[in-house]
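K.L.:
Input work12.txt, format and content: compact mmCIF, C-alpha atoms.
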```txt
# COMPACT_ATOMS: atom_id res chain seq x y z
CA MET A 2 4.27 -23.06 53.38
CA ASN A 3 4.45 -26.67 52.19
CA CYS A 4 6.76 -28.06 49.52
CA LYS A 5 4.11 -28.10 46.84
CA GLU A 6 3.37 -24.43 47.28
CA ALA A 7 7.04 -23.65 47.57
CA ARG A 8 7.86 -25.31 44.26
CA ARG A 9 5.22 -23.24 42.60
CA TRP A 10 6.80 -20.00 43.75
CA LEU A 11 10.41 -20.87 42.95
CA GLY A 12 10.17 -19.49 39.44
CA PRO A 13 8.58 -16.21 40.45
CA LEU A 14 11.15 -15.81 43.21
CA LEU A 15 13.90 -16.34 40.70
CA ASP A 16 12.30 -13.86 38.33
CA GLY A 17 11.95 -11.23 41.03
CA GLU A 18 8.19 -11.39 40.59
CA LEU A 19 7.16 -12.60 44.02
CA ASP A 20 5.59 -10.19 46.48
CA ALA A 21 7.27 -9.43 49.78
CA ARG A 22 5.12 -11.64 51.97
CA ASN A 23 5.42 -14.74 49.83
CA THR A 24 9.10 -14.07 49.38
CA SER A 25 9.76 -14.16 53.08
CA ASP A 26 7.51 -17.21 53.55
CA LEU A 27 9.32 -19.00 50.75
CA GLN A 28 12.76 -18.09 52.03
CA ALA A 29 11.80 -19.36 55.45
CA HIS A 30 10.74 -22.63 53.85
CA LEU A 31 13.91 -22.93 51.78
CA ALA A 32 16.02 -22.43 54.87
CA THR A 33 14.48 -25.52 56.45
CA CYS A 34 13.94 -27.71 53.36
CA PRO A 35 17.11 -28.93 51.64
CA ASP A 36 15.04 -30.60 48.93
CA CYS A 37 13.34 -27.41 47.84
CA GLN A 38 16.58 -25.51 48.27
CA ARG A 39 18.27 -27.91 45.87
CA HIS A 40 15.44 -27.46 43.41
CA TYR A 41 15.81 -23.75 43.65
CA GLU A 42 19.53 -23.96 42.97
CA GLY A 43 18.86 -26.15 39.97
CA GLN A 44 16.44 -23.57 38.58
CA GLN A 45 18.93 -20.81 39.21
CA MET A 46 21.55 -22.71 37.34
CA LEU A 47 19.24 -23.35 34.41
CA SER A 48 18.16 -19.76 34.31
CA SER A 49 21.66 -18.36 34.42
CA ASN A 50 22.59 -20.64 31.54
CA LEU A 51 19.63 -19.33 29.56
CA ARG A 52 20.56 -15.75 30.16
CA ASN A 53 23.83 -16.27 28.39
CA PRO A 54 24.03 -13.37 25.93
CA GLU A 55 25.44 -15.74 23.34
CA LEU A 56 22.03 -17.32 23.06
CA ARG A 57 20.63 -14.09 21.72
CA TYR A 58 20.81 -13.32 18.03
CA ALA A 59 21.87 -10.11 16.39
CA ALA A 60 19.67 -8.85 13.57
CA PRO A 61 21.68 -9.44 10.38
CA GLU A 62 23.16 -6.32 8.79
CA SER A 63 21.40 -7.15 5.52
CA LEU A 64 18.05 -7.13 7.32
CA ARG A 65 18.80 -3.78 8.96
CA ARG A 66 19.74 -2.35 5.59
CA ARG A 67 16.58 -3.66 3.96
CA ILE A 68 14.41 -2.17 6.65
CA ALA A 69 16.21 1.18 6.51
CA ALA A 70 15.81 1.21 2.73
CA GLU A 71 12.07 0.52 2.93
CA ILE A 72 11.63 3.26 5.50
CA ASN A 73 13.55 5.77 3.43
CA GLN A 74 11.66 4.76 0.36
CA SER A 75 8.24 5.20 1.92
CA ALA A 76 9.37 8.51 3.37
CA ALA A 77 10.44 9.54 -0.13
CA THR A 78 7.26 8.39 -1.89
CA ALA A 79 5.13 10.09 0.75
CA SER A 80 6.90 13.43 0.42
CA SER A 81 6.74 13.38 -3.37
CA GLY A 82 2.99 12.98 -3.06
CA ASP A 83 3.05 9.77 -5.05
CA PRO A 84 0.35 7.28 -4.09
CA ALA A 85 1.88 4.85 -1.68
CA ARG A 86 3.29 1.97 -3.60
CA GLN A 87 5.39 0.63 -0.83
CA ALA A 88 5.45 -2.80 0.58
CA SER A 89 6.10 -4.43 -2.75
CA ARG A 90 8.70 -6.69 -1.20
CA ARG A 91 6.48 -7.96 1.58
CA ALA A 92 6.57 -11.59 2.38
CA PRO A 93 3.70 -13.17 0.46
CA TRP A 94 2.34 -15.12 3.42
CA LEU A 95 1.67 -11.86 5.22
CA LEU A 96 -0.35 -10.18 2.57
CA TRP A 97 -3.88 -10.96 3.42
CA ALA A 98 -3.05 -11.52 7.02
CA GLY A 99 -1.87 -7.94 7.21
CA TRP A 100 -4.59 -5.86 8.69
CA PRO A 101 -6.16 -8.27 11.12
CA VAL A 102 -2.76 -8.92 12.60
CA ALA A 103 -1.95 -5.28 12.88
CA VAL A 104 -5.35 -4.81 14.48
CA ALA A 105 -4.26 -6.99 17.32
CA ALA A 106 -1.18 -4.89 17.76
CA SER A 107 -2.88 -2.05 19.48
CA GLY A 108 -6.08 -1.22 21.25
CA LEU A 109 -6.47 2.23 19.88
CA LEU A 110 -5.29 1.22 16.47
CA ALA A 111 -7.78 -1.61 16.49
CA THR A 112 -10.79 0.64 16.18
CA VAL A 113 -9.30 2.60 13.34
CA LEU A 114 -8.21 -0.46 11.45
CA LEU A 115 -11.42 -2.35 12.00
CA GLN A 116 -13.25 0.56 10.46
CA GLN A 117 -10.79 0.57 7.63
CA ARG A 118 -11.13 -3.15 7.16
CA SER A 119 -14.89 -3.13 6.97
CA PHE A 120 -14.58 -0.08 4.77
CA GLU A 121 -12.57 -2.20 2.35
CA ALA A 122 -14.99 -5.07 2.45
CA ASN A 123 -17.92 -2.70 2.13
CA ALA A 124 -16.35 -1.00 -0.82
CA ILE A 125 -15.91 -4.30 -2.57
CA VAL A 126 -19.45 -5.45 -1.93
CA ALA A 127 -20.60 -2.03 -3.12
CA ALA A 128 -18.59 -2.46 -6.31
CA HIS A 129 -20.16 -5.85 -6.81
CA VAL A 130 -23.68 -4.56 -6.27
CA ARG A 131 -23.00 -1.64 -8.59
CA SER A 132 -21.80 -4.03 -11.24
CA LEU A 133 -25.09 -5.90 -11.13
CA GLN A 134 -27.07 -2.83 -12.03
CA ALA A 135 -28.01 -2.53 -15.64
CA ASP A 136 -25.15 -2.17 -18.09
CA HIS A 137 -22.53 -1.82 -15.42
CA LEU A 138 -21.29 -5.33 -15.40
CA ASN A 139 -18.99 -5.34 -18.38
CA ASP A 140 -16.87 -2.94 -20.26
CA VAL A 141 -15.75 -5.75 -22.44
CA LEU A 142 -18.21 -8.52 -22.97
CA SER A 143 -16.60 -11.70 -24.05
CA THR A 144 -16.35 -15.30 -23.09
CA ASP A 145 -12.96 -15.44 -24.73
CA ARG A 146 -10.06 -14.80 -22.40
CA HIS A 147 -7.92 -13.75 -25.34
CA THR A 148 -10.29 -10.86 -25.89
CA VAL A 149 -10.70 -9.92 -22.27
CA LYS A 150 -7.08 -9.98 -21.24
CA PRO A 151 -5.69 -7.61 -23.91
CA TRP A 152 -8.57 -5.27 -23.25
CA PHE A 153 -7.02 -4.42 -19.89
CA ALA A 154 -3.70 -3.55 -21.47
CA GLY A 155 -3.26 0.20 -21.68
CA LYS A 156 -5.98 0.80 -19.14
CA LEU A 157 -4.06 -0.51 -16.17
CA ASP A 158 -0.42 -0.64 -15.19
CA PHE A 159 -0.68 -4.32 -14.48
CA SER A 160 -2.15 -7.32 -16.18
CA PRO A 161 -4.79 -9.31 -14.29
CA PRO A 162 -4.99 -13.06 -14.85
CA VAL A 163 -7.98 -14.06 -16.95
CA PRO A 164 -7.93 -17.82 -16.71
CA ASP A 165 -10.41 -20.08 -18.42
CA LEU A 166 -12.27 -21.73 -15.56
CA ALA A 167 -14.93 -23.47 -17.62
CA ALA A 168 -13.64 -26.82 -16.45
CA ASP A 169 -14.64 -25.81 -12.92
CA GLY A 170 -18.03 -24.57 -14.09
CA PHE A 171 -17.17 -20.87 -13.97
CA GLU A 172 -18.09 -19.22 -17.22
CA LEU A 173 -16.13 -16.12 -18.21
CA VAL A 174 -18.51 -13.21 -18.78
CA GLY A 175 -16.19 -10.28 -19.34
CA GLY A 176 -14.01 -7.63 -17.83
CA ARG A 177 -14.40 -4.17 -16.42
CA LEU A 178 -12.47 -1.36 -14.80
CA ASP A 179 -13.70 -0.60 -11.34
CA TYR A 180 -12.62 2.05 -8.90
CA LEU A 181 -11.61 1.62 -5.31
CA ARG A 182 -10.09 4.44 -3.31
CA HIS A 183 -10.41 6.40 -6.57
CA GLU A 184 -7.93 4.10 -8.24
CA PRO A 185 -8.69 1.70 -11.05
CA VAL A 186 -8.74 -2.00 -10.30
CA ALA A 187 -9.33 -4.86 -12.69
CA ALA A 188 -12.59 -6.76 -12.46
CA VAL A 189 -12.89 -10.11 -14.21
CA ILE A 190 -16.41 -11.48 -14.19
CA TYR A 191 -17.47 -15.08 -14.07
CA ARG A 192 -20.84 -16.73 -13.75
CA LYS A 193 -21.91 -19.99 -12.24
CA HIS A 194 -25.46 -21.28 -11.69
CA GLY A 195 -26.71 -17.79 -12.52
CA HIS A 196 -24.58 -16.14 -9.83
CA ILE A 197 -22.22 -13.41 -10.85
CA ILE A 198 -18.75 -13.43 -9.36
CA ASN A 199 -16.54 -10.38 -9.53
CA VAL A 200 -12.84 -11.04 -9.23
CA LEU A 201 -11.05 -7.80 -8.47
CA SER A 202 -7.32 -7.43 -8.56
CA SER A 203 -4.69 -4.77 -8.12
CA PRO A 204 -0.97 -4.78 -7.39
CA THR A 205 0.05 -5.85 -3.95
CA GLY A 206 -0.25 -3.31 -1.20
CA ARG A 207 -2.56 -0.92 -3.03
CA GLU A 208 -6.32 -0.72 -3.33
CA LEU A 209 -7.05 -4.23 -2.18
CA GLU A 210 -4.59 -4.45 0.62
CA GLY A 211 -5.63 -5.56 4.03
CA LEU A 212 -8.69 -7.65 3.33
CA PRO A 213 -9.39 -10.60 5.56
CA HIS A 214 -9.07 -13.90 3.77
CA ILE A 215 -12.72 -14.77 4.22
CA GLU A 216 -15.52 -12.43 5.05
CA ARG A 217 -19.32 -12.47 4.98
CA LEU A 218 -21.05 -9.19 4.57
CA ARG A 219 -24.75 -8.52 4.09
CA GLY A 220 -25.31 -11.87 2.47
CA TYR A 221 -22.29 -11.65 0.19
CA SER A 222 -19.19 -13.75 0.46
CA LEU A 223 -15.76 -12.34 0.05
CA ARG A 224 -12.46 -14.07 -0.34
CA ALA A 225 -9.16 -12.30 -0.64
CA TRP A 226 -5.81 -13.74 -1.50
CA HIS A 227 -2.52 -12.93 -3.06
CA GLN A 228 -1.03 -14.22 -6.27
CA GLY A 229 1.78 -13.20 -8.57
CA GLY A 230 2.30 -9.73 -7.17
CA LEU A 231 -1.41 -8.96 -7.02
CA ASP A 232 -3.96 -8.70 -4.26
CA VAL A 233 -7.08 -10.47 -5.46
CA ALA A 234 -10.59 -10.34 -4.03
CA ALA A 235 -13.59 -12.37 -5.19
CA VAL A 236 -17.09 -11.33 -4.23
CA SER A 237 -20.43 -12.94 -4.93
CA ASP A 238 -23.72 -14.03 -3.47
CA ILE A 239 -22.88 -17.57 -4.48
CA ASP A 240 -22.41 -20.38 -1.96
CA PRO A 241 -19.18 -19.66 -0.04
CA LYS A 242 -17.98 -23.15 -0.94
CA GLU A 243 -18.20 -22.26 -4.61
CA LEU A 244 -16.24 -19.12 -3.96
CA ALA A 245 -13.55 -21.18 -2.29
CA ARG A 246 -13.49 -23.36 -5.39
CA LEU A 247 -13.12 -20.29 -7.52
CA GLU A 248 -10.22 -19.08 -5.46
CA GLN A 249 -8.54 -22.41 -5.87
CA ALA A 250 -9.05 -22.48 -9.62
CA TYR A 251 -8.26 -18.83 -10.24
CA SER A 252 -5.13 -18.81 -8.14
CA ALA A 253 -3.91 -21.94 -9.90
CA ALA A 254 -3.79 -19.91 -13.11
CA PRO A 255 -0.27 -19.49 -14.42
CA PRO A 256 1.37 -16.10 -13.77
CA PRO A 257 1.11 -13.64 -16.70
CA ALA A 258 4.69 -14.20 -17.82
CA ALA A 259 4.03 -17.88 -18.30
CA GLU A 260 0.97 -17.31 -20.44
CA PRO A 261 1.11 -17.36 -24.18
CA ALA A 262 1.07 -13.86 -25.66
CA GLY A 263 -2.31 -12.46 -26.74
CA MET B 27 2.66 15.28 4.87
CA GLY B 28 6.31 14.78 3.95
CA LYS B 29 7.29 16.33 7.24
CA ASP B 30 5.10 13.94 9.19
CA VAL B 31 6.69 11.02 7.47
CA ASP B 32 10.16 12.38 8.18
CA LYS B 33 9.15 12.69 11.80
CA ARG B 34 7.80 9.17 11.74
CA ALA B 35 11.03 7.90 10.21
CA GLN B 36 12.96 9.68 12.96
CA ARG B 37 10.77 8.17 15.65
CA PHE B 38 11.29 4.79 14.08
CA ARG B 39 15.06 5.22 14.13
CA ASP B 40 15.01 6.39 17.72
CA LEU B 41 12.58 3.89 19.16
CA ILE B 42 12.39 0.82 16.98
CA GLU B 43 15.79 0.38 15.37
CA PRO B 44 17.58 -0.18 18.69
CA LEU B 45 15.16 -3.05 19.34
CA LEU B 46 15.80 -5.01 16.18
CA ASP B 47 18.11 -7.48 17.92
CA ASP B 48 15.39 -8.19 20.45
CA ALA B 49 12.87 -8.59 17.67
CA TYR B 50 15.11 -10.86 15.67
CA THR B 51 16.02 -13.03 18.65
CA PHE B 52 12.37 -13.55 19.45
CA ALA B 53 11.43 -14.21 15.82
CA ARG B 54 14.33 -16.56 15.34
CA TYR B 55 13.40 -18.76 18.27
CA LEU B 56 9.76 -18.73 17.28
CA ALA B 57 10.33 -19.54 13.63
CA ARG B 58 13.44 -21.68 14.15
CA ASP B 59 14.67 -20.50 10.79
CA GLY B 60 16.90 -17.58 9.99
CA SER B 61 15.38 -16.42 6.74
CA VAL B 62 11.79 -16.77 7.94
CA ALA B 63 12.79 -14.77 11.01
CA GLU B 64 14.16 -12.07 8.74
CA ASP B 65 10.92 -11.88 6.79
CA ILE B 66 8.96 -11.70 10.03
CA VAL B 67 11.09 -8.94 11.48
CA GLN B 68 11.04 -6.98 8.26
CA GLU B 69 7.28 -7.13 8.08
CA ALA B 70 6.97 -6.28 11.76
CA ALA B 71 9.34 -3.33 11.38
CA LEU B 72 7.32 -1.93 8.48
CA ARG B 73 4.14 -2.21 10.45
CA ALA B 74 5.81 -0.60 13.41
CA PHE B 75 6.93 2.20 11.15
CA ARG B 76 3.45 2.78 9.79
CA HIS B 77 1.94 2.92 13.23
CA VAL B 78 4.78 4.35 15.23
CA ASP B 79 2.63 7.41 15.97
CA SER B 80 0.27 5.29 18.00
CA LEU B 81 3.12 4.29 20.26
CA ARG B 82 2.81 7.45 22.31
CA GLY B 83 3.45 6.80 25.95
CA ARG B 84 3.74 3.07 25.52
CA GLU B 85 6.66 0.83 25.99
CA ALA B 86 8.23 0.32 22.59
CA ARG B 87 9.79 -3.07 23.15
CA GLY B 88 6.66 -4.87 24.27
CA TRP B 89 4.78 -3.24 21.45
CA LEU B 90 7.29 -4.33 18.83
CA LEU B 91 7.55 -7.87 20.20
CA LYS B 92 3.79 -8.12 20.07
CA ILE B 93 3.82 -7.20 16.40
CA VAL B 94 6.60 -9.72 15.78
CA ARG B 95 4.54 -12.37 17.51
CA ASN B 96 1.49 -11.54 15.42
CA CYS B 97 3.56 -11.74 12.26
CA PHE B 98 4.94 -15.08 13.33
CA TYR B 99 1.50 -16.55 13.93
CA ALA B 100 0.29 -15.19 10.62
CA TRP B 101 3.18 -16.91 8.91
CA ARG B 102 2.61 -20.11 10.83
CA GLU B 103 -1.08 -20.20 10.04
CA LYS B 104 -0.33 -19.67 6.40
CA ALA B 105 2.39 -22.30 6.46
CA VAL B 106 0.05 -24.81 8.03
CA GLN B 107 -2.69 -23.94 5.58
CA THR B 108 -0.43 -24.54 2.67
CA ASN B 109 0.61 -27.83 4.13
CA LEU B 110 4.09 -26.80 4.95
CA GLN B 111 4.00 -28.22 8.44
CA SER B 112 7.26 -29.88 7.69
CA LEU B 113 8.81 -26.47 7.24
CA THR B 114 7.64 -25.27 10.62
CA GLY B 115 8.46 -28.61 12.14
CA GLU B 116 5.63 -27.84 14.48
CA SER B 117 4.09 -30.96 15.83
CA PRO B 118 3.58 -29.72 19.36
CA ASP B 119 2.82 -33.02 21.00
CA SER B 120 5.43 -35.12 19.36
CA ASP B 121 8.15 -32.59 20.04
CA LEU B 122 8.77 -34.01 23.43
CA LEU B 123 7.72 -37.58 23.04
CA GLY B 124 10.37 -40.10 23.72
CA MET B 125 12.17 -37.64 25.84
CA THR B 126 10.84 -38.55 29.22
CA HIS B 127 11.54 -42.21 29.89
CA GLU B 128 15.26 -42.04 29.56
CA THR B 129 15.28 -39.07 31.84
CA ASP B 130 13.95 -41.17 34.67
CA GLN B 131 16.90 -43.46 34.23
CA ALA B 132 19.31 -40.57 34.22
CA GLN B 133 17.73 -39.22 37.34
CA ARG B 134 18.17 -42.47 39.14
CA ASP B 135 21.77 -42.82 38.15
CA LEU B 136 22.96 -39.33 38.80
CA ASP B 137 22.20 -36.50 41.13
CA PRO B 138 20.11 -34.44 38.77
CA GLU B 139 20.72 -30.98 40.11
CA ARG B 140 24.46 -31.57 39.97
CA ILE B 141 24.17 -32.31 36.31
CA LEU B 142 22.75 -28.89 35.67
CA GLU B 143 26.09 -27.49 36.69
CA GLN B 144 27.74 -29.14 33.76
CA ALA B 145 28.31 -26.73 30.99
CA VAL B 146 26.16 -27.49 28.01
CA GLN B 147 27.21 -26.05 24.71
CA CYS B 148 25.43 -22.96 23.52
CA GLU B 149 24.27 -24.72 20.37
CA ALA B 150 22.79 -27.52 22.43
CA VAL B 151 20.87 -25.03 24.56
CA ARG B 152 19.45 -23.42 21.45
CA GLU B 153 18.31 -26.78 20.19
CA MET B 154 16.62 -27.53 23.47
CA ILE B 155 14.79 -24.23 23.46
CA GLU B 156 13.72 -24.86 19.89
CA ALA B 157 12.41 -28.28 20.82
CA LEU B 158 9.86 -26.75 23.19
CA PRO B 159 6.29 -26.54 21.89
CA VAL B 160 5.61 -23.05 20.65
CA GLN B 161 3.44 -21.81 23.51
CA PHE B 162 6.11 -22.68 26.06
CA ARG B 163 8.91 -21.58 23.81
CA GLU B 164 7.59 -18.09 23.32
CA THR B 165 7.00 -17.57 27.03
CA LEU B 166 10.44 -18.81 27.95
CA VAL B 167 12.24 -16.79 25.29
CA LEU B 168 10.39 -13.63 26.25
CA ARG B 169 11.32 -14.14 29.88
CA GLU B 170 14.87 -15.38 29.66
CA LEU B 171 16.22 -13.94 26.43
CA ASN B 172 14.15 -10.83 25.97
CA ASP B 173 14.08 -10.18 29.71
CA CYS B 174 10.39 -9.34 29.78
CA SER B 175 8.50 -9.11 33.07
CA TYR B 176 5.45 -11.33 33.66
CA LYS B 177 3.27 -8.30 33.12
CA GLU B 178 4.91 -7.48 29.81
CA ILE B 179 4.54 -11.07 28.65
CA ALA B 180 0.90 -11.10 29.69
CA GLU B 181 0.25 -7.89 27.80
CA LEU B 182 1.97 -8.86 24.64
CA THR B 183 0.60 -12.37 24.42
CA GLY B 184 -2.84 -11.50 25.75
CA MET B 185 -2.60 -14.26 28.36
CA PRO B 186 -3.49 -13.82 32.02
CA ILE B 187 -0.49 -13.62 34.36
CA GLY B 188 -1.44 -16.98 35.88
CA THR B 189 -1.09 -18.59 32.46
CA VAL B 190 2.24 -16.87 31.91
CA MET B 191 3.46 -18.32 35.20
CA SER B 192 2.28 -21.82 34.53
CA ARG B 193 3.64 -21.85 30.97
CA LEU B 194 6.96 -20.59 32.19
CA ALA B 195 7.08 -23.22 34.91
CA ARG B 196 6.21 -25.90 32.39
CA ALA B 197 8.80 -24.62 29.93
CA ARG B 198 11.48 -24.74 32.58
CA GLU B 199 10.47 -28.18 33.67
CA LEU B 200 10.63 -29.50 30.11
CA LEU B 201 13.94 -27.82 29.56
CA ARG B 202 15.30 -29.22 32.79
CA LYS B 203 14.36 -32.71 31.67
CA MET B 204 16.01 -32.27 28.30
CA TRP B 205 19.02 -30.83 29.99
CA LEU B 206 19.32 -33.74 32.36
CA GLU B 207 18.99 -36.15 29.52
CA ARG B 208 21.57 -34.42 27.40
CA ALA B 209 24.04 -34.04 30.27
CA GLY B 210 23.32 -37.59 31.37
CA VAL B 211 24.21 -38.91 27.95
CA THR B 212 27.45 -36.97 27.68
CA GLY B 213 28.16 -37.71 31.33
CA ALA B 214 27.74 -41.42 30.73
CA MET B 215 30.05 -41.25 27.72
CA SER B 216 32.90 -39.49 29.50
```
Using structure tokens, write down the structure that the file contains.

P.N.:
Amino acid sequence: MNCKEARRWLGPLLDGELDARNTSDLQAHLATCPDCQRHYEGQQMLSSNLRNPELRYAAPESLRRRIAAEINQSAATASSGDPARQASRRAPWLLWAGWPVAVAASGLLATVLLQQRSFEANAIVAAHVRSLQADHLNDVLSTDRHTVKPWFAGKLDFSPPVPDLAADGFELVGGRLDYLRHEPVAAVIYRKHGHIINVLSSPTGRELEGLPHIERLRGYSLRAWHQGGLDVAAVSDIDPKELARLEQAYSAAPPPAAEPAG
Amino acid sequence: MGKDVDKRAQRFRDLIEPLLDDAYTFARYLARDGSVAEDIVQEAALRAFRHVDSLRGREARGWLLKIVRNCFYAWREKAVQTNLQSLTGESPDSDLLGMTHETDQAQRDLDPERILEQAVQCEAVREMIEALPVQFRETLVLRELNDCSYKEIAELTGMPIGTVMSRLARARELLRKMWLERAGVTGAMS
């Protein structure tokens, strides 16, 4: 074994990952090569410094308590038969990233979740297509956001943003209740260049959870994002770039609390 | 259904809760920020809880660390997207720039391997680990602080074992250089 090879195997030797034959070859080399031996000792030293338990961190008590509370809570909601409304305190950056990331977590799980994911996307495209059929588009037909927004009140337990996006070329057409997983979601409808865009929303972690940020499906574009405690999904056959613009404009809308009443 | 969830909660307490220190250590070195690490671990724990049934027969620690890693990259991607690079401090190439030339000097002046014997403060070691580019950092932390085998690292990062080995070697080399520099500076001062 030459020095170059030897250096390469020093780490694995140190980590107890070298097979028997290479180990004995390497040890034979180290016995005759003070240079490599010195290198090895240096690595040992470094490694033993790194394995200092003080370099590890303990999970903060507050974190442990939060996790335990969430677990207990979801156990409680599940046994009371309430629809799962967990995960309300999830970090916002994880919302749309949720399912695809979890997918990677497990081989077996992957299949199940991928089906679920495309189920979600499919359901949303289906809702969009359904809405385009005669008389299904609007429950409230108005280009005035102050008519559309209050219309949702009393029909949903949340209030979807209905921003005026005319400045970006998106004309408000109306609003509608739609159903996903047998639960009502808000649909706000816009139009641009003759294309209809459905913007669906529901509280975080419920009907619209787990959508990929961007998806193309059967000629439709989908974008999903999170804003102000809601999962939002926009679907249309419009140019994906336009949909991105819509996301930008829609998500820039002030949160409901900041909007003037009515 | 309630019973299943109770069972799941019990499994979680038995299998996952004892690993939260491991998870937090890994997340903390990846994110280099305590509160981000907490968010990551919390999210990872909830996912682990939801899917703890699928754990059957698998090694819980590698599985959990994999979820933590996925959560970290999701956060990082989002942070980069929203132009918060400054928050992640992640500029992989510049991390180590300006670190090498002085090292050569230190190496000439002092017997380098001797220097490694000098105790370096815990805090300084943490800083050095955190200065590694993320792909080397994660491999090193998994190996040295989470005590994962090459095979475990390969499985949870999805890298071939050869890549694990070369990243680990590179991480150690970079760390060694930083170490020499740091010790050389303090050595020169004393």

K.L.:
Set out as CSV a contact list for chain B and chain A with a cut-off of 7 Å, giving each residue of chain B that qualifies its closest atom pair and distance in Å to one decimal, counting only C-alpha atoms, ordered by chain and rising residue number.

P.N.:
```
residue,atom,partner,partner_atom,distance
B:Met27,CA,A:Ser80,CA,6.4
B:Gly28,CA,A:Ser80,CA,3.8
B:Val31,CA,A:Ala76,CA,5.5
B:Asp32,CA,A:Ala76,CA,6.2
B:Ala35,CA,A:Ile72,CA,6.6
B:Leu46,CA,A:Ala60,CA,6.0
B:Asp47,CA,A:Ala60,CA,4.8
B:Tyr50,CA,A:Ala60,CA,5.4
B:Thr51,CA,A:Tyr58,CA,4.8
B:Glu64,CA,A:Leu64,CA,6.4
B:Asp65,CA,A:Ala92,CA,6.2
B:Gln68,CA,A:Ile68,CA,6.1
B:Glu69,CA,A:Arg91,CA,6.6
B:Lys92,CA,A:Ala106,CA,6.4
B:Ile93,CA,A:Ala106,CA,5.7
B:Asn96,CA,A:Val102,CA,5.7
B:Cys97,CA,A:Val102,CA,6.9
B:Ala100,CA,A:Ala98,CA,6.1
B:Trp101,CA,A:Trp94,CA,5.8
B:Lys104,CA,A:Trp94,CA,6.1
B:Glu139,CA,A:Gly43,CA,5.2
B:Leu142,CA,A:Gly43,CA,6.4
B:Glu143,CA,A:Met46,CA,6.6
B:Cys148,CA,A:Leu56,CA,6.6
B:Arg152,CA,A:Leu56,CA,6.8
B:Glu170,CA,A:Arg52,CA,5.7
B:Leu171,CA,A:Arg52,CA,6.0
B:Ala195,CA,A:Gly12,CA,6.6
```

K.L.:
Show me, as a list in words, the residues that have an atom within 7 Å of segment 146-151 of chain A when counting only C-alpha atoms, minus same-chain residues fewer than 2 positions from it.

P.N.:
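Skipping anything fewer than 2 positions along the chain leaves Val141, Ser143, Thr144, Phe153, Ala154, Val163, Pro164, Asp165, Gly175, Gly176 and Gly263 of chain A.
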
K.L.:
Considering only C-alpha atoms, state which residue in the set A:Leu181, A:Ala124, A:Leu31, A:Ala187 is at the smallest distance from Glu6 of chain A.

P.N.:
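Closest candidate: A:Leu31.
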
K.L.:
Kindly give the distance, in Å, that separates atom CA of Ala245 of chain A and atom CA of Ala57 of chain B, rounded to a single decimal.

P.N.:
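Atom CA of Ala57 of chain B lies at a distance of 28.7 Å from atom CA of Ala245 of chain A.
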
K.L.:
For Leu56 of chain B, find every residue with an atom within 9 Å (counting all atoms listed in the file), except residues of its own chain fewer than 5 positions away, and show them as a list in words.

P.N.:
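So, after excluding close chain neighbours, the residues are Thr51, Ala63, Arg95, Phe98, Glu156, Val160, Arg163, Glu164 and Val167 of chain B.
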
K.L.:
For segment 37-41 of chain B, please output as a VMD selection string all residues within 9 Å (counting only C-alpha atoms; exclusion window: fewer than 5 positions along the same chain).

P.N.:
(chain A and resid 69 72) or (chain B and resid 32 71 74 to 75 78 to 79 86 to 87)

K.L.:
Report as number ranges by chain all protein, DNA and RNA residues lying within 10 Å of Arg219 of chain A, evaluated on all atoms listed in the file, omitting residues in the same chain fewer than 4 positions from it.

P.N.:
A: 123, 126, 238

K.L.:
So the first atom is atom CA of Ile197 of chain A and the second is atom CA of Ile239 of chain A; what is the distance between them in Å, to one decimal place?

P.N.:
7.6 Å

K.L.:
Can you find the residues with an atom no farther than 6 Å from (-11.4, -7.0, -2.1), counting all atoms listed in the file, and report them as a PyMOL selection string?

P.N.:
chain A and resi 125+209+225+234

K.L.:
Which distance in Å separates atom CA of Gln147 of chain B and atom CA of Arg193 of chain B, to one decimal?

P.N.:
24.7 Å

K.L.:
May I have the protein, DNA and RNA residues with an atom at most 12 Å from (13.3, -20.1, 54.6), counting all atoms listed in the file in the file's coordinates, returned as a VMD selection string?

P.N.:
chain A and resid 2 to 4 7 23 to 35 37 to 38 41

K.L.:
Could you dump the residues just selected with C-alpha atoms as a tab-separated table (two decimals), in the coordinates of the input?

P.N.:
```tsv
chain	number	residue	atom	x	y	z
A	2	MET	CA	4.27	-23.06	53.38
A	3	ASN	CA	4.45	-26.67	52.19
A	4	CYS	CA	6.76	-28.06	49.52
A	7	ALA	CA	7.04	-23.65	47.57
A	23	ASN	CA	5.42	-14.74	49.83
A	24	THR	CA	9.10	-14.07	49.38
A	25	SER	CA	9.76	-14.16	53.08
A	26	ASP	CA	7.51	-17.21	53.55
A	27	LEU	CA	9.32	-19.00	50.75
A	28	GLN	CA	12.76	-18.09	52.03
A	29	ALA	CA	11.80	-19.36	55.45
A	30	HIS	CA	10.74	-22.63	53.85
A	31	LEU	CA	13.91	-22.93	51.78
A	32	ALA	CA	16.02	-22.43	54.87
A	33	THR	CA	14.48	-25.52	56.45
A	34	CYS	CA	13.94	-27.71	53.36
A	35	PRO	CA	17.11	-28.93	51.64
A	37	CYS	CA	13.34	-27.41	47.84
A	38	GLN	CA	16.58	-25.51	48.27
A	41	TYR	CA	15.81	-23.75	43.65
```

K.L.:
Please determine, counting all atoms listed in the file, which residue among B:Met154, B:Arg102, B:Ile66, B:Asn172 has the shortest atom-to-atom distance to Leu45 of chain B.

P.N.:
B:Asn172
